[in-house]
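Source file: final_14.csv (CSV, N, CA and C atoms)
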```
chain,number,residue,atom,x,y,z
A,1,MET,N,11.2,19.3,-62.4
A,1,MET,CA,10.5,18.0,-62.6
A,1,MET,C,11.4,17.1,-63.3
A,2,PRO,N,11.5,15.8,-62.8
A,2,PRO,CA,12.3,14.8,-63.4
A,2,PRO,C,11.9,14.6,-64.9
A,3,ARG,N,12.8,14.2,-65.7
A,3,ARG,CA,12.6,14.0,-67.1
A,3,ARG,C,13.2,12.7,-67.5
A,4,HIS,N,12.6,12.1,-68.6
A,4,HIS,CA,13.2,10.9,-69.2
A,4,HIS,C,13.8,11.4,-70.5
A,5,GLY,N,15.1,11.5,-70.6
A,5,GLY,CA,15.7,12.0,-71.8
A,5,GLY,C,17.0,11.4,-72.0
A,6,ARG,N,17.7,11.9,-72.9
A,6,ARG,CA,19.1,11.4,-73.2
A,6,ARG,C,20.0,11.8,-72.1
A,7,THR,N,20.9,10.8,-71.8
A,7,THR,CA,22.0,11.1,-70.8
A,7,THR,C,23.0,12.0,-71.4
A,8,GLY,N,24.0,12.4,-70.6
A,8,GLY,CA,25.0,13.3,-71.1
A,8,GLY,C,25.8,12.8,-72.3
A,9,ALA,N,26.7,13.7,-72.8
A,9,ALA,CA,27.5,13.4,-74.0
A,9,ALA,C,28.3,12.2,-73.8
A,10,GLY,N,28.5,11.4,-74.9
A,10,GLY,CA,29.2,10.2,-74.8
A,10,GLY,C,28.4,9.0,-74.3
A,11,ALA,N,27.2,9.2,-74.0
A,11,ALA,CA,26.3,8.1,-73.5
A,11,ALA,C,25.7,7.3,-74.6
A,12,GLN,N,26.0,7.6,-75.8
A,12,GLN,CA,25.6,6.8,-77.0
A,12,GLN,C,24.1,6.8,-77.1
A,13,GLY,N,23.4,7.9,-76.7
A,13,GLY,CA,22.0,8.0,-76.8
A,13,GLY,C,21.2,7.1,-75.9
A,14,LYS,N,21.7,6.5,-74.9
A,14,LYS,CA,20.9,5.6,-74.0
A,14,LYS,C,20.0,6.5,-73.2
A,15,LEU,N,18.8,6.0,-73.0
A,15,LEU,CA,17.8,6.7,-72.2
A,15,LEU,C,17.9,6.2,-70.7
A,16,ARG,N,17.7,7.2,-69.9
A,16,ARG,CA,17.7,6.8,-68.4
A,16,ARG,C,16.2,6.9,-68.0
A,17,TRP,N,15.8,6.1,-67.1
A,17,TRP,CA,14.4,6.1,-66.6
A,17,TRP,C,14.3,7.2,-65.5
A,18,VAL,N,13.3,8.0,-65.8
A,18,VAL,CA,12.8,8.9,-64.8
A,18,VAL,C,11.3,9.0,-65.0
A,19,SER,N,10.6,10.1,-64.7
A,19,SER,CA,9.2,10.1,-64.9
A,19,SER,C,8.6,10.6,-66.2
A,20,ASP,N,9.3,11.4,-66.9
A,20,ASP,CA,8.8,11.9,-68.2
A,20,ASP,C,9.7,11.6,-69.3
A,21,LEU,N,9.2,11.6,-70.5
A,21,LEU,CA,9.9,11.4,-71.7
A,21,LEU,C,9.8,12.7,-72.5
A,22,HIS,N,10.9,13.1,-73.2
A,22,HIS,CA,10.8,14.3,-74.0
A,22,HIS,C,12.0,14.5,-75.0
A,23,THR,N,11.7,15.1,-76.1
A,23,THR,CA,12.7,15.7,-76.9
A,23,THR,C,12.2,17.1,-77.2
A,24,SER,N,12.8,17.8,-78.1
A,24,SER,CA,12.4,19.2,-78.4
A,24,SER,C,11.1,19.1,-79.2
A,25,GLN,N,10.8,18.0,-79.8
A,25,GLN,CA,9.6,17.9,-80.7
A,25,GLN,C,8.5,17.0,-80.1
A,26,LEU,N,8.8,16.2,-79.0
A,26,LEU,CA,7.8,15.4,-78.4
A,26,LEU,C,8.0,15.3,-76.9
A,27,ARG,N,7.0,15.5,-76.2
A,27,ARG,CA,7.0,15.4,-74.7
A,27,ARG,C,5.9,14.5,-74.3
A,28,VAL,N,6.3,13.6,-73.3
A,28,VAL,CA,5.3,12.7,-72.8
A,28,VAL,C,5.4,12.8,-71.3
A,29,VAL,N,4.3,13.2,-70.6
A,29,VAL,CA,4.2,13.4,-69.2
A,29,VAL,C,3.1,12.5,-68.5
A,30,ARG,N,3.4,12.1,-67.3
A,30,ARG,CA,2.3,11.4,-66.6
A,30,ARG,C,1.2,12.3,-66.2
A,31,LEU,N,0.0,11.8,-66.4
A,31,LEU,CA,-1.2,12.5,-65.9
A,31,LEU,C,-1.3,12.5,-64.4
A,32,PRO,N,-1.9,13.5,-63.8
A,32,PRO,CA,-2.0,13.6,-62.4
A,32,PRO,C,-2.7,12.3,-61.8
A,33,GLY,N,-2.2,11.8,-60.7
A,33,GLY,CA,-2.7,10.6,-60.1
A,33,GLY,C,-2.3,9.3,-60.8
A,34,GLY,N,-1.4,9.4,-61.7
A,34,GLY,CA,-0.9,8.2,-62.4
A,34,GLY,C,-1.9,7.6,-63.3
A,35,GLY,N,-2.9,8.4,-63.8
A,35,GLY,CA,-3.9,7.9,-64.6
A,35,GLY,C,-3.6,7.8,-66.1
A,36,GLY,N,-2.4,7.7,-66.5
A,36,GLY,CA,-2.0,7.6,-67.9
A,36,GLY,C,-0.9,8.6,-68.3
A,37,LEU,N,-0.9,8.9,-69.6
A,37,LEU,CA,0.2,9.8,-70.1
A,37,LEU,C,-0.5,10.8,-71.0
A,38,ARG,N,0.1,12.0,-71.0
A,38,ARG,CA,-0.3,13.1,-72.0
A,38,ARG,C,0.9,13.2,-73.0
A,39,VAL,N,0.5,13.2,-74.3
A,39,VAL,CA,1.5,13.3,-75.3
A,39,VAL,C,1.4,14.7,-76.0
A,40,ILE,N,2.5,15.4,-76.0
A,40,ILE,CA,2.6,16.8,-76.5
A,40,ILE,C,3.6,16.8,-77.7
A,41,GLY,N,3.2,17.3,-78.8
A,41,GLY,CA,4.1,17.4,-79.9
A,41,GLY,C,3.8,16.5,-81.1
A,42,ALA,N,4.9,16.0,-81.7
A,42,ALA,CA,4.8,15.2,-83.0
A,42,ALA,C,5.4,13.9,-82.8
A,43,VAL,N,4.8,12.8,-83.4
A,43,VAL,CA,5.4,11.5,-83.5
A,43,VAL,C,5.8,11.3,-84.9
A,44,ASP,N,7.1,11.2,-85.2
A,44,ASP,CA,7.6,11.0,-86.5
A,44,ASP,C,8.9,10.2,-86.4
A,45,LEU,N,9.6,10.1,-87.5
A,45,LEU,CA,10.9,9.4,-87.5
A,45,LEU,C,11.8,9.8,-86.4
A,46,GLY,N,11.9,11.1,-86.2
A,46,GLY,CA,12.8,11.7,-85.2
A,46,GLY,C,12.4,11.4,-83.8
A,47,THR,N,11.2,11.1,-83.5
A,47,THR,CA,10.7,11.0,-82.1
A,47,THR,C,10.2,9.6,-81.9
A,48,ARG,N,10.3,8.7,-82.8
A,48,ARG,CA,9.7,7.3,-82.7
A,48,ARG,C,10.2,6.6,-81.5
A,49,GLU,N,11.5,6.7,-81.2
A,49,GLU,CA,12.0,5.9,-80.0
A,49,GLU,C,11.4,6.4,-78.7
A,50,ILE,N,11.2,7.7,-78.6
A,50,ILE,CA,10.5,8.2,-77.4
A,50,ILE,C,9.0,7.7,-77.4
A,51,TRP,N,8.4,7.7,-78.5
A,51,TRP,CA,7.0,7.2,-78.6
A,51,TRP,C,6.9,5.7,-78.2
A,52,ARG,N,7.9,4.9,-78.7
A,52,ARG,CA,7.9,3.5,-78.3
A,52,ARG,C,8.1,3.3,-76.8
A,53,LYS,N,9.0,4.1,-76.2
A,53,LYS,CA,9.2,4.0,-74.8
A,53,LYS,C,7.9,4.5,-74.0
A,54,ALA,N,7.3,5.5,-74.6
A,54,ALA,CA,6.0,6.0,-73.9
A,54,ALA,C,5.0,4.9,-73.9
A,55,LEU,N,4.8,4.2,-75.1
A,55,LEU,CA,3.8,3.1,-75.2
A,55,LEU,C,4.2,2.0,-74.3
A,56,GLU,N,5.5,1.7,-74.2
A,56,GLU,CA,5.9,0.6,-73.2
A,56,GLU,C,5.6,1.0,-71.8
A,57,THR,N,5.9,2.2,-71.5
A,57,THR,CA,5.6,2.7,-70.1
A,57,THR,C,4.1,2.7,-69.8
A,58,ALA,N,3.3,3.1,-70.7
A,58,ALA,CA,1.9,3.2,-70.5
A,58,ALA,C,1.3,1.8,-70.4
A,59,THR,N,1.8,0.8,-71.1
A,59,THR,CA,1.2,-0.5,-71.1
A,59,THR,C,1.8,-1.5,-70.1
A,60,ALA,N,3.0,-1.1,-69.5
A,60,ALA,CA,3.7,-1.9,-68.6
A,60,ALA,C,2.9,-2.4,-67.4
A,61,SER,N,2.0,-1.5,-66.8
A,61,SER,CA,1.3,-1.9,-65.6
A,61,SER,C,0.0,-2.6,-66.0
A,62,GLY,N,-0.3,-2.7,-67.3
A,62,GLY,CA,-1.5,-3.4,-67.7
A,62,GLY,C,-2.7,-2.4,-67.7
A,63,PRO,N,-3.9,-3.0,-68.1
A,63,PRO,CA,-5.0,-2.1,-68.3
A,63,PRO,C,-5.5,-1.6,-66.9
A,64,PRO,N,-6.2,-0.5,-66.9
A,64,PRO,CA,-6.6,0.3,-68.0
A,64,PRO,C,-5.4,1.3,-68.4
A,65,VAL,N,-5.3,1.5,-69.7
A,65,VAL,CA,-4.2,2.4,-70.2
A,65,VAL,C,-4.9,3.6,-70.9
A,66,ARG,N,-4.4,4.8,-70.5
A,66,ARG,CA,-5.1,6.0,-71.0
A,66,ARG,C,-4.0,6.9,-71.6
A,67,LEU,N,-4.2,7.4,-72.8
A,67,LEU,CA,-3.3,8.4,-73.4
A,67,LEU,C,-4.1,9.6,-73.8
A,68,ASP,N,-3.7,10.8,-73.2
A,68,ASP,CA,-4.4,12.1,-73.6
A,68,ASP,C,-3.6,12.6,-74.8
A,69,LEU,N,-4.2,12.6,-76.0
A,69,LEU,CA,-3.6,13.0,-77.2
A,69,LEU,C,-4.1,14.4,-77.6
A,70,SER,N,-4.7,15.2,-76.7
A,70,SER,CA,-5.3,16.5,-77.1
A,70,SER,C,-4.2,17.5,-77.6
A,71,GLU,N,-2.9,17.2,-77.2
A,71,GLU,CA,-1.9,18.1,-77.6
A,71,GLU,C,-0.9,17.5,-78.6
A,72,LEU,N,-1.3,16.4,-79.2
A,72,LEU,CA,-0.6,15.7,-80.2
A,72,LEU,C,-0.8,16.5,-81.5
A,73,SER,N,0.3,17.0,-82.1
A,73,SER,CA,0.1,17.8,-83.3
A,73,SER,C,0.2,17.0,-84.6
A,74,PHE,N,0.9,15.9,-84.5
A,74,PHE,CA,1.1,15.0,-85.7
A,74,PHE,C,1.5,13.7,-85.3
A,75,ILE,N,1.1,12.7,-86.0
A,75,ILE,CA,1.6,11.3,-85.8
A,75,ILE,C,1.6,10.6,-87.2
A,76,ASP,N,2.8,10.1,-87.5
A,76,ASP,CA,2.9,9.4,-88.8
A,76,ASP,C,2.3,8.0,-88.8
A,77,THR,N,2.2,7.4,-90.0
A,77,THR,CA,1.6,6.1,-90.1
A,77,THR,C,2.2,5.0,-89.2
A,78,ARG,N,3.6,5.1,-89.1
A,78,ARG,CA,4.3,4.1,-88.3
A,78,ARG,C,3.9,4.3,-86.8
A,79,GLY,N,3.9,5.5,-86.4
A,79,GLY,CA,3.5,5.8,-85.0
A,79,GLY,C,2.1,5.4,-84.7
A,80,THR,N,1.2,5.5,-85.7
A,80,THR,CA,-0.2,5.0,-85.6
A,80,THR,C,-0.2,3.5,-85.5
A,81,SER,N,0.6,2.8,-86.3
A,81,SER,CA,0.7,1.4,-86.2
A,81,SER,C,1.2,0.9,-84.9
A,82,MET,N,2.1,1.6,-84.3
A,82,MET,CA,2.7,1.3,-83.0
A,82,MET,C,1.6,1.5,-81.9
A,83,LEU,N,0.8,2.5,-82.1
A,83,LEU,CA,-0.3,2.7,-81.1
A,83,LEU,C,-1.3,1.6,-81.2
A,84,ILE,N,-1.7,1.1,-82.4
A,84,ILE,CA,-2.6,0.0,-82.6
A,84,ILE,C,-2.0,-1.3,-82.0
A,85,ALA,N,-0.7,-1.5,-82.2
A,85,ALA,CA,-0.1,-2.7,-81.6
A,85,ALA,C,-0.1,-2.7,-80.1
A,86,ALA,N,0.2,-1.5,-79.5
A,86,ALA,CA,0.1,-1.3,-78.1
A,86,ALA,C,-1.3,-1.6,-77.5
A,87,ALA,N,-2.3,-1.1,-78.3
A,87,ALA,CA,-3.7,-1.3,-77.9
A,87,ALA,C,-4.0,-2.8,-77.9
A,88,ASP,N,-3.5,-3.5,-78.9
A,88,ASP,CA,-3.8,-4.9,-79.0
A,88,ASP,C,-3.1,-5.7,-77.9
A,89,ALA,N,-2.0,-5.2,-77.5
A,89,ALA,CA,-1.2,-5.9,-76.4
A,89,ALA,C,-1.8,-5.6,-75.0
A,90,ALA,N,-2.4,-4.4,-74.8
A,90,ALA,CA,-2.8,-4.0,-73.5
A,90,ALA,C,-4.3,-3.7,-73.4
A,91,ALA,N,-5.1,-4.3,-74.3
A,91,ALA,CA,-6.5,-4.0,-74.5
A,91,ALA,C,-7.2,-3.9,-73.2
A,92,PRO,N,-8.1,-2.9,-73.0
A,92,PRO,CA,-8.2,-1.8,-74.0
A,92,PRO,C,-7.3,-0.7,-73.7
A,93,LEU,N,-7.0,0.1,-74.7
A,93,LEU,CA,-6.2,1.3,-74.5
A,93,LEU,C,-7.1,2.5,-74.9
A,94,THR,N,-7.3,3.5,-74.0
A,94,THR,CA,-8.1,4.6,-74.3
A,94,THR,C,-7.3,5.8,-74.7
A,95,ILE,N,-7.7,6.4,-75.8
A,95,ILE,CA,-7.1,7.7,-76.2
A,95,ILE,C,-8.1,8.8,-76.1
A,96,THR,N,-7.7,9.9,-75.5
A,96,THR,CA,-8.6,11.0,-75.3
A,96,THR,C,-8.3,12.1,-76.2
A,97,ARG,N,-9.3,12.6,-76.9
A,97,ARG,CA,-9.2,13.8,-77.8
A,97,ARG,C,-8.1,13.7,-78.8
A,98,PRO,N,-8.1,12.6,-79.6
A,98,PRO,CA,-7.0,12.5,-80.7
A,98,PRO,C,-7.2,13.5,-81.8
A,99,PRO,N,-6.1,13.9,-82.4
A,99,PRO,CA,-6.3,14.9,-83.5
A,99,PRO,C,-7.1,14.2,-84.7
A,100,ARG,N,-7.7,15.1,-85.4
A,100,ARG,CA,-8.5,14.6,-86.6
A,100,ARG,C,-7.7,13.8,-87.5
A,101,SER,N,-6.4,14.1,-87.7
A,101,SER,CA,-5.6,13.4,-88.7
A,101,SER,C,-5.4,11.9,-88.2
A,102,LEU,N,-5.3,11.7,-86.9
A,102,LEU,CA,-5.1,10.4,-86.4
A,102,LEU,C,-6.4,9.6,-86.6
A,103,ARG,N,-7.5,10.2,-86.3
A,103,ARG,CA,-8.8,9.5,-86.6
A,103,ARG,C,-9.0,9.1,-88.0
A,104,ARG,N,-8.5,9.9,-89.0
A,104,ARG,CA,-8.6,9.6,-90.4
A,104,ARG,C,-7.7,8.4,-90.7
A,105,VAL,N,-6.5,8.4,-90.2
A,105,VAL,CA,-5.6,7.3,-90.5
A,105,VAL,C,-6.1,6.0,-89.9
A,106,LEU,N,-6.7,6.1,-88.7
A,106,LEU,CA,-7.3,4.9,-88.0
A,106,LEU,C,-8.4,4.4,-88.9
A,107,ALA,N,-9.2,5.3,-89.4
A,107,ALA,CA,-10.3,4.8,-90.3
A,107,ALA,C,-9.8,4.1,-91.5
A,108,VAL,N,-8.7,4.4,-92.0
A,108,VAL,CA,-8.1,3.8,-93.2
A,108,VAL,C,-7.5,2.4,-92.8
A,109,LEU,N,-6.7,2.4,-91.7
A,109,LEU,CA,-6.0,1.2,-91.3
A,109,LEU,C,-7.0,0.2,-90.6
A,110,CYS,N,-8.0,0.7,-90.0
A,110,CYS,CA,-9.0,-0.2,-89.3
A,110,CYS,C,-10.4,0.3,-89.7
A,111,PRO,N,-10.9,-0.1,-90.9
A,111,PRO,CA,-12.2,0.4,-91.3
A,111,PRO,C,-13.4,0.1,-90.3
A,112,ASP,N,-13.3,-1.0,-89.7
A,112,ASP,CA,-14.3,-1.4,-88.7
A,112,ASP,C,-14.1,-0.8,-87.3
A,113,GLY,N,-13.0,0.0,-87.2
A,113,GLY,CA,-12.6,0.5,-85.9
A,113,GLY,C,-11.7,-0.4,-85.2
A,114,PRO,N,-10.7,0.1,-84.6
A,114,PRO,CA,-9.7,-0.7,-83.9
A,114,PRO,C,-10.4,-1.3,-82.6
A,115,ALA,N,-10.6,-2.6,-82.5
A,115,ALA,CA,-11.3,-3.2,-81.5
A,115,ALA,C,-10.7,-3.0,-80.1
A,116,SER,N,-9.4,-2.9,-80.0
A,116,SER,CA,-8.8,-2.7,-78.7
A,116,SER,C,-8.5,-1.3,-78.3
A,117,LEU,N,-9.0,-0.3,-79.1
A,117,LEU,CA,-8.7,1.1,-78.9
A,117,LEU,C,-10.0,1.8,-78.7
A,118,VAL,N,-10.1,2.5,-77.6
A,118,VAL,CA,-11.3,3.3,-77.2
A,118,VAL,C,-11.0,4.7,-77.4
A,119,ILE,N,-11.8,5.4,-78.2
A,119,ILE,CA,-11.6,6.8,-78.4
A,119,ILE,C,-12.6,7.7,-77.7
A,120,GLU,N,-12.1,8.6,-76.8
A,120,GLU,CA,-13.0,9.5,-76.1
A,120,GLU,C,-12.7,10.9,-76.6
A,121,GLU,N,-13.8,11.6,-76.9
A,121,GLU,CA,-13.7,13.0,-77.4
A,121,GLU,C,-13.5,14.0,-76.3
A,122,GLN,N,-14.0,13.7,-75.2
A,122,GLN,CA,-14.0,14.7,-74.0
A,122,GLN,C,-13.0,14.2,-73.0
A,123,GLU,N,-12.3,15.2,-72.4
A,123,GLU,CA,-11.3,14.9,-71.3
A,123,GLU,C,-12.1,14.5,-70.1
A,124,THR,N,-11.6,13.4,-69.4
A,124,THR,CA,-12.3,13.0,-68.2
A,124,THR,C,-11.5,13.5,-67.0
A,125,SER,N,-12.2,13.7,-65.9
A,125,SER,CA,-11.5,14.2,-64.7
A,125,SER,C,-11.2,13.1,-63.8
```
If you convert what's in this file into structure tokens, what do you get?
Amino acid sequence: MPRHGRTGAGAQGKLRWVSDLHTSQLRVVRLPGGGGLRVIGAVDLGTREIWRKALETATASGPPVRLDLSELSFIDTRGTSMLIAAADAAAPLTITRPPRSLRRVLAVLCPDGPASLVIEEQETS
């Protein structure tokens, strides 16, 4: 399966476009039928560039934007802020089954709920 990752040695860390984004700690794959992206792993300082590219990819075609976060194990505050900014830019952005930790951070950052972010607890087919 094609991947979106770092090019060979000496490429100065440039990313090449293919269909998936991944590192050893974060993997982002297209959902079947092009219905969005599935995020697997952790979003932190070491994976932030992949997360940024994933959000750009997801929002590039415009709404509706869907992210399946059921396999997201961790997301730091900066990654959450990037998610909110992407939702504001591409409103609405739907996230499916986010981890409890993300819901708690969203409650602190957006006490009235993020207006441009739709949270679904169940996976849709």
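Our summary of the geometry notes that atom N of Thr59 in chain A is positioned 21.6 Å from atom C of Ser101 in chain A.
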**OP:** Have a look at A:Ala60, A:Cys110, A:Arg66, A:Ile50 and name the one nearest to Arg30 in chain A; count only C-alpha atoms.
**Re:** A:Arg66
Original post:
Hey, which of A:Val43, A:Thr96, A:Gly36, A:Trp51 ends up closest to Thr77 in chain A? Count only N, CA and C atoms.
Top reply: A:Val43
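Considering the residues A:Val108, A:Leu31, A:Ile40, A:Leu102 and counting all atoms listed in the file, Ile75 in chain A has its shortest atom-to-atom contact with A:Leu102.
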Original post:
So how far away is CA of Ala42 in chain A from CA of Arg100 in chain A, in Å?
Top reply: 13.8 Å
Subject >> Separation of atom N of Val39 in chain A from atom C of Ser70 in chain A in Å >> reply: 7.2 Å
Subject >> Surrounding residues of Gly35 in chain A excluding itself and chain neighbours under 5 positions, 12 Å, only C-alpha atoms, as a PyMOL selection string >> reply: chain A and resi 29-30+58-59+61-68+94+124-125
Subject >> Nearest residue to Glu121 in chain A from the set A:Leu69, A:Gly33, A:Leu109, A:Met82 (distances using only C-alpha atoms) >> reply: A:Leu69
